[in-house]
Amino acid sequence: MKTLFIALKIFLFFTVLTGIVYPLLVTGIAQLAFPAKANGSLIVKDNKIIGSELIGQQFDSMIYFTSRPSAVSYNPLPSGGSNYGLTNVKLKNLVTERKHQFIAFNQLDSLTLIPSEMLFASASGLDPHISPTAALLQVERIAKARNFSIGQKQKLLQSIKELAASPQFLILGEDRINVLVLNLSLNKLDGNISNIK
């Protein structure tokens, strides 16, 4: 009986420590040290949450940069990839279809080399980034759809350059650009359009 009582005390102690004290401590430190990241890196415009820097969104309009394909339609609850292997015929067909769609949508030459992230969905299905190369391939289409002047187009190219992030710690990953942030920057260049749709 004495052993059972000791075991219960240890159980209760560690339940309180790891189930209440530790989570509150970590949450408190996160809120003090980096509140924006601790709250989901949300992007707020006109006092309204329009997205997160961590979760991709679908942009189908001719006037916006398009995101990387998602096997789960950017839904964070069942996040994941298609799980098709490299030898799967369905994956091959998907990649071919996405390539043709990207080329047609952006009015590119059929021999244009398309960056891999525009052909393959990410493992999470939520990746919010594309490469600067993929963004540059969409500039002509967007400039034409928005009737940009040469000056506005140059500012757009400069925005892509400025918003591109280097690999983490200079070695992890590749250069990337957040599509939602880029589209918000794009809207600032066009006084006629102010809202992400």
# chains A, B, ... in the order shown; residues from 1 in each chain; ligands from 1
call {"tool": "residues_around", "arguments": {"residues": "region 113-128 of chain A", "least_positions_apart": "3", "cutoff": "8 Å", "atoms": "only C-alpha atoms", "output": "PDB file with C-alpha atoms, in the first residue's frame"}}
result
ATOM      1  CA  GLU A  53       3.409  32.815 -43.624  1.00  0.00           C
ATOM      2  CA  LEU A  54       3.582  29.088 -42.855  1.00  0.00           C
ATOM      3  CA  ILE A  55       0.616  27.787 -44.865  1.00  0.00           C
ATOM      4  CA  GLY A  56       0.217  28.070 -48.616  1.00  0.00           C
ATOM      5  CA  GLN A  57      -2.923  29.315 -50.323  1.00  0.00           C
ATOM      6  CA  SER A  67       1.428  28.721 -55.472  1.00  0.00           C
ATOM      7  CA  ARG A  68       3.018  25.322 -55.472  1.00  0.00           C
ATOM      8  CA  PRO A  69       0.554  22.459 -56.133  1.00  0.00           C
ATOM      9  CA  SER A  70      -1.031  20.853 -53.075  1.00  0.00           C
ATOM     10  CA  ALA A  71      -2.300  17.280 -52.785  1.00  0.00           C
ATOM     11  CA  VAL A  72      -4.683  18.381 -49.995  1.00  0.00           C
ATOM     12  CA  SER A  73      -5.865  21.737 -51.421  1.00  0.00           C
ATOM     13  CA  TYR A  74      -3.832  23.580 -48.744  1.00  0.00           C
ATOM     14  CA  ASN A  75      -6.041  22.160 -45.963  1.00  0.00           C
ATOM     15  CA  PRO A  76      -3.939  22.031 -42.755  1.00  0.00           C
ATOM     16  CA  SER A  79      -1.987  17.842 -44.371  1.00  0.00           C
ATOM     17  CA  GLY A  80       0.156  15.508 -46.449  1.00  0.00           C
ATOM     18  CA  GLY A  81       1.358  14.575 -49.877  1.00  0.00           C
ATOM     19  CA  SER A  82      -0.064  12.247 -52.494  1.00  0.00           C
ATOM     20  CA  ASN A  83       2.423   9.512 -51.464  1.00  0.00           C
ATOM     21  CA  LEU A  94       0.121  14.672 -62.733  1.00  0.00           C
ATOM     22  CA  VAL A  95       3.557  16.163 -63.413  1.00  0.00           C
ATOM     23  CA  THR A  96       2.918  16.249 -67.168  1.00  0.00           C
ATOM     24  CA  ARG A  98       0.901  20.462 -64.227  1.00  0.00           C
ATOM     25  CA  LYS A  99       3.696  21.292 -66.657  1.00  0.00           C
ATOM     26  CA  PHE A 102       1.846  26.127 -66.002  1.00  0.00           C
ATOM     27  CA  SER A 131      11.596  29.586 -56.031  1.00  0.00           C
ATOM     28  CA  THR A 133      12.798  31.335 -60.785  1.00  0.00           C
ATOM     29  CA  ALA A 134       9.171  30.171 -60.626  1.00  0.00           C
ATOM     30  CA  ASN A 178       6.597  33.371 -49.883  1.00  0.00           C
ATOM     31  CA  VAL A 179       3.731  33.578 -52.389  1.00  0.00           C
ATOM     32  CA  LEU A 180       1.235  35.339 -50.097  1.00  0.00           C
TER      33      LEU A 180
END
call {"tool": "closest_atom_pairs", "arguments": {"of": "region 28-140 of chain A", "to": "region 187-190 of chain A", "cutoff": "12 Å", "atoms": "only C-alpha atoms", "output": "tab-separated table"}}
result
residue	atom	partner	partner_atom	distance
A:Ile63	CA	A:Asn187	CA	9.3
A:Tyr64	CA	A:Asn187	CA	8.8
A:Phe65	CA	A:Asn187	CA	11.0
call {"tool": "select_by_dssp", "arguments": {"residues": "region 10-91 of chain A", "states": "helix (DSSP H, G or I)", "output": "PyMOL selection string"}}
result
chain A and resi 10-33+35-38+89-91
call {"tool": "closest_residue", "arguments": {"among": "A:Leu156, A:Leu77, A:Val16, A:Ala36", "to": "Asn183 (chain A)", "atoms": "only C-alpha atoms"}}
result
A:Leu156
call {"tool": "atom_distance", "arguments": {"atom1": "CA of Ser110 (chain A)", "atom2": "CA of Thr66 (chain A)"}}
result
18.6 Å
call {"tool": "closest_residue", "arguments": {"among": "A:Ile171, A:Lys92, A:Ser185, A:Leu4", "to": "Gln152 (chain A)", "atoms": "only C-alpha atoms"}}
result
A:Ser185
call {"tool": "closest_residue", "arguments": {"among": "A:Lys155, A:Ala165, A:Leu111, A:Leu182", "to": "Phe59 (chain A)", "atoms": "only C-alpha atoms"}}
result
A:Leu182
